[in-house]
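Novice: Pasting in a structure now, in structure tokens, and then I'll have a few things to ask.
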Amino acid sequence: MTNRRILLISLVGFLIFGLLLGGKYIYQKQWVDVTILSQSQEIPGVVSAKVESHNGLKEMVVKTNQLTNLRQACQILKKVAENVPIRFIDSRNQTLERVLGQMQFAVQEGIASGNFTVMAQNLRTQAENEDVNLELEMDSDAIYLILNQGPAQLIEVIERNGQGEFLSSEKDMG
């Protein structure tokens with residue numbers, strides 16, 4: 001009789017554990033994703049946002065379409081992401097990728113030397129020479145860079161102290 005009670009209690013315990021684990025999974029997939037999506041879509045230029053797992057690591061993937069005011073958008077997204085790294089998906093083209101690659105010299109030099117006014121002037125000159133519109137902002141955490149050329153847009157957040165809050169942006173393949 002005692003063995004049956006232990007068996008019954010064990011089965012009920014496993015059942016409750018399974019229900020709780022399943023409930024947690026559903027909560028994370030349904031309610032948290034819906035909250036992230038609804039809060040992120042209030043940001044002009046954000047099409048969608050969701051938390052995905054890549055190689056066992058979570059990241060928030062934010063798909064954009066003509067985003068403006070990147071610094072403000074990043075501040076809002078950091079609150080929504082709750083310590084999950086953020087990756088922007090943009091509509092870049094090869095010209096914008098090449099220009100960003102050329103700009104990296106000035107950006108890294110500016111971060112290393114702390115001479116951000118010279119960095120900003122160099123970036124603006126490079127953008128003008130390539131007929132690309134540049135939106136550049138900065139705070140104590142990162143340099144926020146948007147390159148626009150017609151319908152194409154490249155978004156990049158370059159962290160100054162390597163905090164790991166933002167991952168390299170990628171082109172929208174969809």
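Convention: chains lettered A, B, ... in structure tokens order; per-chain residue numbering from 1; ligands numbered from 1 as shown.
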Please identify which residues in region 13-140 of chain A DSSP calls alpha helix (DSSP H) from the backbone, and express them as a PyMOL selection string.

Specialist: chain A and resi 13-26+33-40+70-81+94-113+116-129

Novice: Please identify every residue of region 39-60 of chain A that has at least one atom no farther than 12 Å from an atom of region 153-172 of chain A, counting only C-alpha atoms, and for each give the shortest atom pair and the distance in Å to one decimal, arranged by chain then increasing number, as a tab-separated table.

Specialist:
residue	atom	partner	partner_atom	distance
A:Gly45	CA	A:Gln153	CA	11.0
A:Val46	CA	A:Ile155	CA	11.9
A:Val47	CA	A:Asp172	CA	11.7
A:Lys58	CA	A:Leu167	CA	11.4
A:Glu59	CA	A:Leu167	CA	8.5
A:Met60	CA	A:Phe166	CA	9.3

Novice: Next, the residues of the selection above should be written as a CSV table (one decimal), in the first residue's frame with N, CA and C atoms.

Specialist:
chain,number,residue,atom,x,y,z
A,45,GLY,N,9.8,52.7,-38.0
A,45,GLY,CA,10.8,52.0,-38.8
A,45,GLY,C,11.0,50.6,-38.4
A,46,VAL,N,10.5,50.1,-37.2
A,46,VAL,CA,10.6,48.8,-36.8
A,46,VAL,C,9.4,48.0,-37.3
A,47,VAL,N,9.7,46.9,-38.2
A,47,VAL,CA,8.7,46.1,-38.8
A,47,VAL,C,8.3,45.0,-37.8
A,58,LYS,N,20.4,33.1,-27.2
A,58,LYS,CA,19.3,33.9,-27.5
A,58,LYS,C,19.7,35.3,-28.1
A,59,GLU,N,19.0,35.8,-29.0
A,59,GLU,CA,19.2,37.2,-29.5
A,59,GLU,C,17.8,37.7,-30.0
A,60,MET,N,17.7,39.0,-29.9
A,60,MET,CA,16.5,39.7,-30.4
A,60,MET,C,16.8,40.1,-31.8

Novice: When you count only C-alpha atoms, which of these residues is closest to Val99 (chain A): A:Leu57, A:Leu145, A:Ile9, A:Val132?

Specialist: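 Smallest separation from Val99 (chain A) among the options: A:Val132.
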
Novice: Which residue out of A:Leu67, A:Asp139, A:Phe116, A:Val62 has the minimum interatomic distance to Ala81 (chain A) when only C-alpha atoms are used?

Specialist: A:Val62

Novice: Grab the CA of Pro151 (chain A) to CA of Asp90 (chain A) distance for me, in Å with one decimal place.

Specialist: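 Computing it gives 10.8 Å between the two atoms.
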
Novice: Restricting the calculation to only C-alpha atoms, which member of A:Leu19, A:Lys50, A:Gln108, A:Asn3 is positioned closest to Ala142 (chain A)?

Specialist: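 Of A:Leu19, A:Lys50, A:Gln108, A:Asn3, the one nearest Ala142 (chain A), counting only C-alpha atoms, is A:Gln108.
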
Novice: Ranking A:Ala112, A:Gln149, A:Asn93, A:Arg5 by minimum distance to Glu128 (chain A) and counting only C-alpha atoms, which one comes first?

Specialist: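 Among A:Ala112, A:Gln149, A:Asn93, A:Arg5, it is A:Gln149 that comes nearest to Glu128 (chain A).
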
Novice: Excluding region 117-126 of chain A and its own-chain neighbours fewer than 3 positions away, which residues fall within 10 Å of it when counting only C-alpha atoms? Please give them as an NGL selection string.

Specialist: :A and (99-100 or 102-111 or 113-114 or 129-138 or 145)
